[in-house]
Amino acid sequence: MAESGQFLIDGKPTPFRAGQTIMQAAAEAGHYIPHLCYRPEFPPHGSCKLCSVKANGRFTSACFEPVTEGMKVESETDEIQGYRKRVVQMLFAEGNHYCAFCEKSGNCQLQAVAYHLGMEDTHYAHQYPQRKLDASHPDAMIDHDRCILCELCVRASRDLDRKEVFGVAGRGLQARLVVNSPSGLLGDSNFALTDAAAHVCPVGAILPKRQAFTTPIGMRRYDKHDIGEESSLTPIADKGE
Amino acid sequence: MASPLGQSVTLHDIAARHLHARHRLLQMLREVQASRSYVPEEAIQFFAHVLNLPIAHVRGCVEFYSFLHTTPRGQFDVYFSDSVTDRMAGSEIVAKRLADRLGVTLGQPRADGRVTVSMTSCTGHCEQAPAGLANGRVFTRMTEARIEKMASLIEHGVPVSEWPAEWFHVDDGIRERGITLETFIPPGEAIRTALARGLPATLDEVERSGLQGRGGAGFPVGRKWRGAYETKGAHYITCNADEGEPGTFKDRVLLAKYADELFEGMTIAGLLVGAKKGYVYMRGEYEYMMEGLQTVLEERRAAGLLGENICESGLDFDLRIHLGAGAYVCGEQSALLESLEGKRGIPRVRPPSAVKIGLFGQSTINNNVESFVQAAQIAWKGAEWFSDHGETKSRGTKLLSIAGDCQRPGIYELPLGITVREVLARCGGENAKAVQVGGPAGTCVGRDEFDRRVSYADLATGGSIMVFNDLRDMVDVARQFAHFFAHESCGFCTPCRVGTQMLKHYADKIADGQGTQRDLEQVKSIGEFVKGYSHCGLGETAPNTLLDTIKRFPEEYTSRLLAEADFVPDFDLDASVTESRALTGRQDQLDQVHSD
Amino acid sequence: MPQSSSLERVLTRISARYRDEPYQLLQMLRAVQASYSHVPQSAMQFLARHLGVPLSQVQGVVEFYAFLHETPRGRYDVRFSDNITDQMLGSRGLCERLCQHLELTPGQPRADGKVTVDYTSCTGMSDQGPAALVNGLAVTRLDVGRIDEMADLIDAGIALEAWPRDWFAVRDHIRRSGPMLDLQMAPGAALEAAVARGASSTLAELARSGLRGRGGAGYLTAHKWRFCLEAPGMERFIVCNADEGEPGTFKDRVLLTRYADALFEGMALAGFVVGAREGFLYLRGEYEYLLPHLESVLERRREEGLLGGNLLGSRVGFDISIHLGAGAYICGEESALIESLEGKRGQARVRPPFPAIRGYADKPTVVNNVQTFIQAAQISAMGSAWFAEQGTEKSRGTVLLSISGDVARRGVYEYPFGVTVKEVLADCGAGAVQAIQIGGPSGHLIGAADFERRIAFEDLPTTGSLMVFDWSRDVVGVVQNFSRFFQHESCGFCTPCRVGTTVLRQLIDKVASGHASAADLDELEACGMVTRSLSHCGLGQTAPNPVLDGLKRFRPVLEAKLLGGTDGPGFDLDAELSEARKISDESLKEGQHG
């Protein structure tokens, strides 16, 4: 296999190195592919399906699909952007996402990617799930209403913090984030605000306490910039809002 | 030391702890032995006095049990299990090695009182042999390397509690699970199910299941329970956990892992017949499990599963555990009851059966550990759950302890009615030439009988299966069993007391190549006599292996006999002068004596 | 709540029974469920500690599998198979009847804790429904008489072992046999032939036969084995997918009953070819009743030297152990199945790498269907020509169909690939057929226009399920049943499937209840396309099939249910308000009493 080569994203020749995924090669070339559950620090997960592309005519996820020489990747076609919008709408309809009074508003990747894709409504009937708020921890809280099951916190806690604070239980629409403590509460776990897992949540599900609304509107991450303009390779330390 | 007691514990303390109850004499004597390494004469006098017992009663008790001694044992008291399967695994070699290293004679304390090394009857760890006891703690898989280390630890006076923990590791040894070992009853649920169904209906269920006593005799458990149920007056429930049949170790696993089911089964029996109290009679060799079992009892009391008003039934029942002190005969039901009453374990005259007149003269249900466990499971899961397995006259599954010349020794739960051949295939014993089913008291079968079935209708067993391959000398096996019975005979009745000694003598003579055809005939006739005339099951079965092996492996015996003579004096000159040789330090050899 | 330390004693035993091996977590939890009729929170904590796995994993596993419960079920746990074919035979009515007799609400244990009655996904008895599971054991051919007697038995507390035996009888119903079912192969014949031929020649023979995976995907079996063989690493595993969960499929059940020897032989053969020493049979929990039979066959084969240490007297060893599932359709997906074998939630893995490269314990693993292994064994014994002479160019050999629904003779049929649907329908005695669902809910719903089509990988591929619906049936009801099935079985990992199956189900319910508009049909189609295109694994990718097929082939039936012309509201006002009404009603009553 060649050390490097070229493939096409929406017809644009893009270089890649052997072993790279579509997401990695695209990011290096400055080409944004929407995503929520992907972060470069972790092996690909492939659950949000926002990074779906067509590679040589076949649907796949950009985050885990290896690039091959001459591969034709369709990413920003109407069809695919339409599907991506539907996925974001599904996430909004599944949980209880009220941007208007969410303290993550303006810094939220779900919200930002929705704007990016031109989402104007949630389209699907809301499920209004009954989910709990876990405010048992002195420095952080979990608002399960906003969890999108990307498992970034699960992976960060396991692979970076070596703590395994989080896990996922349930099946289908009953799938839910759980905490590794006898009571199931964050306050009874060994979670700390200094954990990487405290800073990877792309939405407002895991939040530090007493830091709400400290950034004035207009200064928030996505107030002036579209999510597509930022590099997805930003390391975790810089992302901790 | 095995007991929490130290030297400082006074005899008064011990008597007080046991509420000066006479029937707990054996428990008191055990504690004296543990704290003082023997039972001094003053202790015998003391207990006779405070318990108002004849001195002879107390002394008789001390002398009856192997683990009680009237002279000091060593500070370290090491026993090696002397079952034939332990020997096959090298128990004699390691025991001798230890004695050599420590400079002691087997069975006698060293002059400085530091240590005694002796052999004892099977300790019930045959599949992890060679095994033994060090100050009451069970050790397994002894190797020569470990012996070297043990000798040094003893010389340095390191307490047994600080010896390497892995020496004392006991595997559960389960190789194959059937319905019993695959059933996990939440504690209390069998009792609740029995109460919800109704206790008489539960008795029907146990009867309908066809469960037969798992100790080996196979008396229907339901019928025994009904007998007690229909007897008026006070009742007791006793459990025979004196698993002393050499080669049997399945109750060990049940006691270690299925204690809840055991207690549950006893409790159900207790509630059924209106007993207030039950006793588990556990062999002294299993003392290491005592603490765990006491914890289980405590927790069951706390959970309302023992004590007053069990499961809101308005009925009371409680359990105690008594420890034996090394006496095989106490596995016999009436001897066990005697021992529970604090006496020598001498079998009673039957009838009356224990169901009529048992412990403290009251109607008593006595069953084996496995019987109670399975009865509890039947109460929980129903009769058919059990009776669907096994064969017509032997329902259900049986736990078998398999040891000896097989690749996978251990515990197998198999349906009754299985052939010996199938059993051998499962444990990797296809090369067997003989199989001893049911321990020394059971039956020895050869290759042409491997299609016989393990069941109450054919080869009954309390659980022991010993496998012997072509390299084993069956005469030697029979000899070892003969020694075992001679050692374990309680001495009450003549045929057994004298007969087992005579059998041992002839077995030795033949095995040593000094026997004649006439001696073989003697063994047969004495054997038949002991079988027919003994007082209890011990004597009735003691000659079995000798008679079986003579019948099935005659060539092994005849090849040993002196061909030219049909008579050799029973008197063995060499043996008789051994002692005087040792005393005088003379080293003259056999041939010298003969050449004289 | 059981007392914690006594619980721990039981759990220690259960854990020891599975060698304290974290991969056996699911098996342990099944045992806990069997003893306690649920998995108490304290049991999860203990097992997490005892096995050294995160509590969240244990919790996750318990919540994932339908047969594990966090709150107590009744001591009698009755689950009616809720496949459409059971419903067509009156299962719903029977379930309601049982609930009335026992005075309880479906899904909730009775107050005395004695019994729970509930529904479950297809139990694989479509040829002898209505079927149910009682404490995990299959009960077939239920009728009013049996239901009434069952209620009495439960109320009297009669143990399952004492229930009438014929209730538990499962018939094989082989209606038409071909070369595969007719072949009488002596145990060991395939292995002996393979040993004589050598591993690489056996693989070549398999390649020549053109055998394709019988699970439905149709991947060339020889290719899969070769990938595994050539993957780097020392250790390899063989896994048989006996998680036959596709509603309406039951041919593997018959194969497991009748051809267990050939199956184990095929697995050993695969082990011999790729150099694996260990195999697993992943048996769906619904087939627990087959366990004793399968174990006895394994045992006999060990005695015969066809499994275990020295296979056929050689130095090669291969042995097989059986794992039971616990009610999760997704575990039929090969990578989810492997996760489940490892004691985890059955969530499909990211592929590539495929199991042949990184499977069980991250080692190269061959995963094949029951039938595939049996046929591989037959090919080894009989040669590739024997196999390839039947079937079509691209679909060699024969196909086993599980036929159920509105036919005179339900059961298993063997045909050469390439047979037309019409021929099959004639053989099984189907009359006035409106539609058939071929390949289960994940397959296709077709009408008379397609009955000339051929059953083959290149035309109508199938896992074997063929459900027949005559003109008395409502196609919308069929689609609704399958949509509910997928919503219930989605693992919840990826967004399009997790949310999409819910959206689809809500929309088809809306259609069925007559509240839908034309716009809803468009929405069904659009949402179906999102779920089909973007889902992570085969479950989501095929979940919209019933809806999309219904729209494509039975559009008039769906349109007939629509509200006249106007857009209906996305929700049912009465339904939404019912809870609030109930609460206010109750508080009103309380107020009156107070």
# chains A, B, ... in the order shown; residues from 1 in each chain; ligands from 1
>>> closest_atom_pairs(of="chain B", to="chain C", cutoff="9 Å", atoms="only C-alpha atoms", output="JSON lines")
{"residue": "B:Ile174", "atom": "CA", "partner": "C:Arg17", "partner_atom": "CA", "distance": 8.8}
{"residue": "B:Arg177", "atom": "CA", "partner": "C:Arg17", "partner_atom": "CA", "distance": 8.8}
{"residue": "B:Leu181", "atom": "CA", "partner": "C:Arg17", "partner_atom": "CA", "distance": 8.8}
{"residue": "B:Glu182", "atom": "CA", "partner": "C:Arg17", "partner_atom": "CA", "distance": 8.1}
{"residue": "B:Thr183", "atom": "CA", "partner": "C:Ser35", "partner_atom": "CA", "distance": 7.8}
{"residue": "B:Phe184", "atom": "CA", "partner": "C:Ser35", "partner_atom": "CA", "distance": 5.9}
{"residue": "B:Ile185", "atom": "CA", "partner": "C:Ser35", "partner_atom": "CA", "distance": 5.9}
{"residue": "B:Pro186", "atom": "CA", "partner": "C:Ser35", "partner_atom": "CA", "distance": 6.3}
{"residue": "B:Pro187", "atom": "CA", "partner": "C:Ser6", "partner_atom": "CA", "distance": 6.4}
{"residue": "B:Ala196", "atom": "CA", "partner": "C:Gly157", "partner_atom": "CA", "distance": 8.9}
{"residue": "B:Arg197", "atom": "CA", "partner": "C:Gly157", "partner_atom": "CA", "distance": 7.4}
{"residue": "B:Lys257", "atom": "CA", "partner": "C:Arg13", "partner_atom": "CA", "distance": 6.7}
{"residue": "B:Tyr258", "atom": "CA", "partner": "C:Arg13", "partner_atom": "CA", "distance": 8.5}
{"residue": "B:Asp260", "atom": "CA", "partner": "C:Ser6", "partner_atom": "CA", "distance": 8.2}
{"residue": "B:Val296", "atom": "CA", "partner": "C:Ser6", "partner_atom": "CA", "distance": 7.6}
{"residue": "B:Glu299", "atom": "CA", "partner": "C:Ser6", "partner_atom": "CA", "distance": 7.3}
{"residue": "B:Arg300", "atom": "CA", "partner": "C:Ser6", "partner_atom": "CA", "distance": 8.0}
{"residue": "B:Ala303", "atom": "CA", "partner": "C:Gln3", "partner_atom": "CA", "distance": 7.2}
{"residue": "B:Trp380", "atom": "CA", "partner": "C:Ala159", "partner_atom": "CA", "distance": 8.7}
{"residue": "B:Lys381", "atom": "CA", "partner": "C:Ala159", "partner_atom": "CA", "distance": 6.1}
{"residue": "B:Gly382", "atom": "CA", "partner": "C:Ala159", "partner_atom": "CA", "distance": 5.4}
{"residue": "B:Ala383", "atom": "CA", "partner": "C:Ala162", "partner_atom": "CA", "distance": 7.9}
{"residue": "B:Glu384", "atom": "CA", "partner": "C:Glu161", "partner_atom": "CA", "distance": 5.2}
{"residue": "B:Trp385", "atom": "CA", "partner": "C:Glu161", "partner_atom": "CA", "distance": 5.4}
{"residue": "B:Phe386", "atom": "CA", "partner": "C:Glu161", "partner_atom": "CA", "distance": 8.8}
{"residue": "B:Asp388", "atom": "CA", "partner": "C:Glu161", "partner_atom": "CA", "distance": 8.1}
{"residue": "B:Ala425", "atom": "CA", "partner": "C:Glu303", "partner_atom": "CA", "distance": 7.2}
{"residue": "B:Arg426", "atom": "CA", "partner": "C:Glu303", "partner_atom": "CA", "distance": 8.3}
>>> interface_residues(of="chain A", to="chain C", cutoff="7 Å", atoms="only C-alpha atoms", output="PyMOL selection string")
chain A and resi 46-49+52+59+83+87+90-91+94+125+164+166-173+175+178-182
>>> write_last_selection(atoms="C-alpha atoms", output="compact mmCIF listing (two decimals), in the first residue's frame")
# COMPACT_ATOMS: atom_id res chain seq x y z
CA GLY A 46 -19.51 5.68 15.03
CA SER A 47 -22.75 6.13 16.95
CA CYS A 48 -24.01 9.64 16.11
CA LYS A 49 -23.89 8.99 12.36
CA SER A 52 -22.13 9.76 7.32
CA PHE A 59 -23.03 4.94 2.83
CA TYR A 83 -29.88 13.08 6.07
CA VAL A 87 -30.11 12.93 12.40
CA MET A 90 -33.77 13.06 15.76
CA LEU A 91 -31.38 13.95 18.57
CA GLU A 94 -35.25 12.27 21.43
CA ALA A 125 -42.63 14.52 17.27
CA GLU A 164 -14.40 4.29 34.35
CA PHE A 166 -19.43 6.29 33.21
CA GLY A 167 -21.14 3.55 31.26
CA VAL A 168 -24.25 3.00 29.18
CA ALA A 169 -27.20 0.84 30.18
CA GLY A 170 -30.59 0.07 28.71
CA ARG A 171 -31.52 -0.82 25.20
CA GLY A 172 -32.98 1.07 22.27
CA LEU A 173 -34.69 4.29 23.24
CA ALA A 175 -30.43 3.49 26.49
CA VAL A 178 -25.09 5.53 34.03
CA VAL A 179 -22.53 6.32 36.70
CA ASN A 180 -20.33 3.73 38.35
CA SER A 181 -21.35 4.11 41.96
CA PRO A 182 -23.56 1.99 44.17
>>> residues_around(residues="region 399-412 of chain C", least_positions_apart="6", cutoff="9 Å", atoms="only C-alpha atoms", output="ChimeraX atom specification")
/C:84-86,88-89,126-128,172-177,180,214,248-251,254,371,391,425,427-431,433,455-456,462-470
>>> atom_distance(atom1="CA of Leu471 (chain B)", atom2="CA of Ser401 (chain B)")
21.6 Å
>>> closest_residue(among="A:Gly118, A:Gln127, A:Ser189, A:Cys108", to="Asp223 (chain A)", atoms="only C-alpha atoms")
A:Cys108
>>> select_by_dssp(residues="region 367-519 of chain B", states="strand (DSSP E or B)", output="ChimeraX atom specification")
/B:367-368,390-391,394-395,397-404,410-415,418-419,432-437,443-446,453-454,459,464-469
>>> write_last_selection(atoms="N, CA and C atoms", output="compact mmCIF listing (two decimals), in the first residue's frame")
# COMPACT_ATOMS: atom_id res chain seq x y z
N ASN B 367 -30.50 -37.42 58.74
CA ASN B 367 -30.20 -37.60 57.33
C ASN B 367 -28.82 -37.08 57.01
N ASN B 368 -28.34 -37.53 55.88
CA ASN B 368 -27.05 -37.08 55.37
C ASN B 368 -27.17 -35.64 54.84
N GLY B 390 -32.50 -39.88 36.97
CA GLY B 390 -32.21 -41.16 37.59
C GLY B 390 -33.03 -42.28 36.98
N GLU B 391 -33.13 -43.41 37.70
CA GLU B 391 -33.91 -44.54 37.18
C GLU B 391 -35.02 -44.89 38.14
N SER B 394 -34.14 -45.68 41.68
CA SER B 394 -33.16 -44.76 42.25
C SER B 394 -33.33 -43.41 41.56
N ARG B 395 -34.15 -42.59 42.16
CA ARG B 395 -34.49 -41.32 41.54
C ARG B 395 -33.41 -40.28 41.78
N THR B 397 -30.28 -37.37 41.14
CA THR B 397 -28.85 -37.40 40.89
C THR B 397 -28.11 -37.64 42.21
N LYS B 398 -26.85 -38.02 42.07
CA LYS B 398 -26.04 -38.31 43.25
C LYS B 398 -24.69 -37.63 43.08
N LEU B 399 -24.20 -37.08 44.16
CA LEU B 399 -22.86 -36.52 44.12
C LEU B 399 -21.85 -37.64 44.36
N LEU B 400 -20.91 -37.76 43.46
CA LEU B 400 -19.88 -38.79 43.60
C LEU B 400 -18.53 -38.12 43.83
N SER B 401 -17.76 -38.68 44.76
CA SER B 401 -16.40 -38.21 44.97
C SER B 401 -15.49 -39.21 44.30
N ILE B 402 -14.83 -38.80 43.26
CA ILE B 402 -14.01 -39.74 42.49
C ILE B 402 -12.54 -39.42 42.69
N ALA B 403 -11.77 -40.44 43.06
CA ALA B 403 -10.34 -40.22 43.27
C ALA B 403 -9.59 -41.48 42.88
N GLY B 404 -8.29 -41.39 42.86
CA GLY B 404 -7.47 -42.54 42.51
C GLY B 404 -6.88 -42.38 41.11
N GLY B 410 -12.35 -35.67 41.36
CA GLY B 410 -13.16 -34.55 41.86
C GLY B 410 -14.59 -34.98 42.07
N ILE B 411 -15.46 -33.98 42.12
CA ILE B 411 -16.85 -34.23 42.45
C ILE B 411 -17.70 -34.19 41.18
N TYR B 412 -18.49 -35.23 41.01
CA TYR B 412 -19.34 -35.34 39.83
C TYR B 412 -20.77 -35.54 40.29
N GLU B 413 -21.66 -34.73 39.77
CA GLU B 413 -23.07 -34.99 40.04
C GLU B 413 -23.66 -35.70 38.83
N LEU B 414 -24.07 -36.94 39.04
CA LEU B 414 -24.53 -37.76 37.91
C LEU B 414 -25.86 -38.41 38.26
N PRO B 415 -26.66 -38.70 37.24
CA PRO B 415 -27.94 -39.36 37.51
C PRO B 415 -27.70 -40.77 38.03
N ILE B 418 -26.31 -44.66 36.35
CA ILE B 418 -25.20 -44.55 35.40
C ILE B 418 -24.27 -45.75 35.59
N THR B 419 -23.69 -46.24 34.51
CA THR B 419 -22.82 -47.41 34.66
C THR B 419 -21.44 -46.98 35.12
N ALA B 432 -8.87 -48.30 34.22
CA ALA B 432 -9.06 -48.93 35.53
C ALA B 432 -9.11 -50.46 35.40
N LYS B 433 -8.55 -51.12 36.41
CA LYS B 433 -8.77 -52.56 36.45
C LYS B 433 -9.80 -52.88 37.53
N ALA B 434 -9.90 -52.00 38.52
CA ALA B 434 -10.87 -52.22 39.58
C ALA B 434 -11.41 -50.88 40.06
N VAL B 435 -12.65 -50.89 40.52
CA VAL B 435 -13.25 -49.67 41.06
C VAL B 435 -13.92 -50.03 42.38
N GLN B 436 -13.57 -49.29 43.39
CA GLN B 436 -14.19 -49.48 44.70
C GLN B 436 -15.34 -48.50 44.79
N VAL B 437 -16.55 -49.01 44.78
CA VAL B 437 -17.73 -48.14 44.84
C VAL B 437 -18.27 -48.14 46.26
N THR B 443 -18.39 -51.93 47.52
CA THR B 443 -18.15 -53.08 46.66
C THR B 443 -16.99 -52.79 45.74
N CYS B 444 -16.14 -53.80 45.55
CA CYS B 444 -15.04 -53.65 44.61
C CYS B 444 -15.39 -54.41 43.35
N VAL B 445 -15.44 -53.71 42.21
CA VAL B 445 -15.79 -54.40 40.96
C VAL B 445 -14.62 -54.38 40.00
N GLY B 446 -14.52 -55.45 39.20
CA GLY B 446 -13.47 -55.56 38.20
C GLY B 446 -14.00 -55.23 36.82
N ARG B 453 -24.48 -50.79 37.48
CA ARG B 453 -24.94 -49.41 37.64
C ARG B 453 -24.72 -48.89 39.05
N VAL B 454 -24.41 -47.62 39.12
CA VAL B 454 -24.33 -46.96 40.41
C VAL B 454 -25.75 -46.54 40.77
N LEU B 459 -25.16 -51.01 42.66
CA LEU B 459 -24.01 -50.63 43.46
C LEU B 459 -24.35 -49.37 44.24
N SER B 464 -18.48 -42.41 47.42
CA SER B 464 -17.07 -42.66 47.15
C SER B 464 -16.88 -43.59 45.95
N ILE B 465 -16.02 -43.16 45.03
CA ILE B 465 -15.61 -44.01 43.91
C ILE B 465 -14.09 -43.95 43.86
N MET B 466 -13.44 -45.09 44.08
CA MET B 466 -11.97 -45.09 44.00
C MET B 466 -11.55 -45.94 42.81
N VAL B 467 -10.64 -45.40 42.03
CA VAL B 467 -10.26 -46.04 40.77
C VAL B 467 -8.84 -46.60 40.90
N PHE B 468 -8.67 -47.85 40.49
CA PHE B 468 -7.34 -48.49 40.54
C PHE B 468 -6.97 -48.99 39.16
N ASN B 469 -5.77 -48.68 38.71
CA ASN B 469 -5.36 -49.17 37.39
C ASN B 469 -4.49 -50.42 37.54
>>> residues_around(residues="Asn544 (chain B)", least_positions_apart="3", cutoff="12 Å", atoms="only C-alpha atoms", output="number ranges by chain")
B: 436-445, 478-479, 481-482, 485, 500, 503, 523-524, 526-532, 537-541, 547-552
>>> write_last_selection(atoms="N, CA and C atoms", output="CSV table (one decimal), in the first residue's frame")
chain,number,residue,atom,x,y,z
B,436,GLN,N,-13.6,-49.3,43.4
B,436,GLN,CA,-14.2,-49.5,44.7
B,436,GLN,C,-15.3,-48.5,44.8
B,437,VAL,N,-16.5,-49.0,44.8
B,437,VAL,CA,-17.7,-48.1,44.8
B,437,VAL,C,-18.3,-48.1,46.3
B,438,GLY,N,-18.4,-47.0,46.9
B,438,GLY,CA,-18.9,-46.9,48.2
B,438,GLY,C,-17.9,-47.0,49.3
B,439,GLY,N,-16.6,-46.8,49.0
B,439,GLY,CA,-15.6,-46.8,50.0
B,439,GLY,C,-15.3,-48.2,50.5
B,440,PRO,N,-14.4,-48.3,51.5
B,440,PRO,CA,-14.0,-49.6,52.0
B,440,PRO,C,-15.2,-50.5,52.4
B,441,ALA,N,-16.3,-49.9,52.8
B,441,ALA,CA,-17.5,-50.6,53.2
B,441,ALA,C,-18.4,-51.0,52.0
B,442,GLY,N,-18.0,-50.6,50.8
B,442,GLY,CA,-18.8,-50.8,49.6
B,442,GLY,C,-18.4,-52.0,48.8
B,443,THR,N,-18.4,-51.9,47.5
B,443,THR,CA,-18.2,-53.1,46.7
B,443,THR,C,-17.0,-52.8,45.7
B,444,CYS,N,-16.1,-53.8,45.5
B,444,CYS,CA,-15.0,-53.7,44.6
B,444,CYS,C,-15.4,-54.4,43.3
B,445,VAL,N,-15.4,-53.7,42.2
B,445,VAL,CA,-15.8,-54.4,41.0
B,445,VAL,C,-14.6,-54.4,40.0
B,478,ALA,N,-6.6,-54.0,49.6
B,478,ALA,CA,-7.5,-54.7,50.6
B,478,ALA,C,-6.9,-54.7,52.0
B,479,ARG,N,-5.5,-54.8,52.0
B,479,ARG,CA,-4.8,-54.8,53.3
B,479,ARG,C,-5.0,-53.4,54.0
B,481,PHE,N,-7.5,-51.4,53.6
B,481,PHE,CA,-8.8,-51.3,54.1
B,481,PHE,C,-9.0,-52.1,55.4
B,482,ALA,N,-8.4,-53.2,55.4
B,482,ALA,CA,-8.4,-54.1,56.6
B,482,ALA,C,-7.8,-53.3,57.8
B,485,PHE,N,-10.4,-50.7,59.0
B,485,PHE,CA,-11.5,-51.2,59.9
B,485,PHE,C,-11.0,-51.6,61.3
B,500,THR,N,-12.0,-57.9,63.0
B,500,THR,CA,-11.3,-57.0,62.1
B,500,THR,C,-9.8,-57.1,62.4
B,503,LEU,N,-8.6,-60.2,60.6
B,503,LEU,CA,-8.6,-60.0,59.1
B,503,LEU,C,-7.3,-59.1,58.8
B,523,VAL,N,-9.4,-66.1,55.8
B,523,VAL,CA,-10.0,-64.8,55.6
B,523,VAL,C,-11.4,-64.9,55.2
B,524,LYS,N,-11.7,-65.9,54.2
B,524,LYS,CA,-13.0,-66.0,53.8
B,524,LYS,C,-14.0,-66.3,54.9
B,526,ILE,N,-13.6,-66.0,58.2
B,526,ILE,CA,-13.7,-65.0,59.2
B,526,ILE,C,-14.5,-63.8,58.7
B,527,GLY,N,-14.3,-63.5,57.4
B,527,GLY,CA,-15.0,-62.4,56.7
B,527,GLY,C,-16.5,-62.7,56.8
B,528,GLU,N,-16.9,-63.9,56.4
B,528,GLU,CA,-18.3,-64.2,56.4
B,528,GLU,C,-18.9,-64.1,57.8
B,529,PHE,N,-18.1,-64.5,58.7
B,529,PHE,CA,-18.6,-64.5,60.1
B,529,PHE,C,-18.8,-63.0,60.6
B,530,VAL,N,-17.7,-62.2,60.3
B,530,VAL,CA,-17.8,-60.8,60.8
B,530,VAL,C,-19.0,-60.1,60.1
B,531,LYS,N,-19.2,-60.4,58.8
B,531,LYS,CA,-20.3,-59.8,58.1
B,531,LYS,C,-21.6,-60.1,58.7
B,532,GLY,N,-21.7,-61.4,59.1
B,532,GLY,CA,-23.0,-61.9,59.5
B,532,GLY,C,-23.4,-61.6,60.9
B,537,GLY,N,-23.4,-51.7,61.1
B,537,GLY,CA,-23.0,-51.6,59.7
B,537,GLY,C,-21.5,-51.6,59.5
B,538,LEU,N,-20.8,-51.1,60.5
B,538,LEU,CA,-19.3,-51.1,60.3
B,538,LEU,C,-18.8,-52.5,60.2
B,539,GLY,N,-19.1,-53.3,61.1
B,539,GLY,CA,-18.7,-54.7,61.1
B,539,GLY,C,-19.3,-55.5,59.9
B,540,GLU,N,-20.5,-55.1,59.6
B,540,GLU,CA,-21.2,-55.9,58.6
B,540,GLU,C,-20.6,-55.6,57.2
B,541,THR,N,-19.9,-54.5,57.1
B,541,THR,CA,-19.3,-54.2,55.8
B,541,THR,C,-17.8,-54.3,55.8
B,547,LEU,N,-13.1,-59.7,50.8
B,547,LEU,CA,-13.8,-60.8,50.1
B,547,LEU,C,-14.0,-60.5,48.6
B,548,ASP,N,-14.3,-59.2,48.3
B,548,ASP,CA,-14.5,-58.9,46.9
B,548,ASP,C,-13.2,-59.1,46.1
B,549,THR,N,-12.1,-58.7,46.6
B,549,THR,CA,-10.9,-58.8,45.8
B,549,THR,C,-10.5,-60.3,45.7
B,550,ILE,N,-10.7,-61.1,46.8
B,550,ILE,CA,-10.4,-62.5,46.7
B,550,ILE,C,-11.2,-63.1,45.5
B,551,LYS,N,-12.5,-62.7,45.4
B,551,LYS,CA,-13.3,-63.3,44.4
B,551,LYS,C,-13.0,-62.8,43.0
B,552,ARG,N,-12.6,-61.5,42.9
B,552,ARG,CA,-12.5,-60.9,41.6
B,552,ARG,C,-11.0,-60.9,41.1
>>> residues_around(residues="region 30-39 of chain A", least_positions_apart="2", cutoff="8 Å", atoms="only C-alpha atoms", output="list in words")
Met23, Ala26, Ala27, Glu28, Glu41, Phe42, Pro44, His45, Gly46, Ser47, Cys48, Lys49, Leu50, Cys51, Ala62, Cys63, Ser75, Gln109, Leu110, Val113, Cys150, Glu151, Leu152, Pro202, Gly228, Glu229, Ser231, Ser232 and Leu233 of chain A
>>> atom_distance(atom1="CA of Leu47 (chain C)", atom2="CA of Tyr282 (chain C)")
22.5 Å
>>> residues_around(residues="Arg87 (chain B)", least_positions_apart="3", cutoff="10 Å", atoms="only C-alpha atoms", output="PyMOL selection string")
chain B and resi 80-84+90-94+126+129-131+404+477+480
>>> residues_around(residues="Ile508 (chain C)", least_positions_apart="3", cutoff="8 Å", atoms="only C-alpha atoms", output="list of chain:residue names")
C:Val476, C:Val479, C:Gln480, C:Ser483, C:Leu504, C:Arg505, C:Val511, C:Ala512, C:Leu524, C:Val547
>>> select_by_dssp(residues="region 93-256 of chain B", states="helix (DSSP H, G or I)", output="PyMOL selection string")
chain B and resi 93-102+126-128+144-155+160-162+165-168+189-197+199-209+221-229+250-256
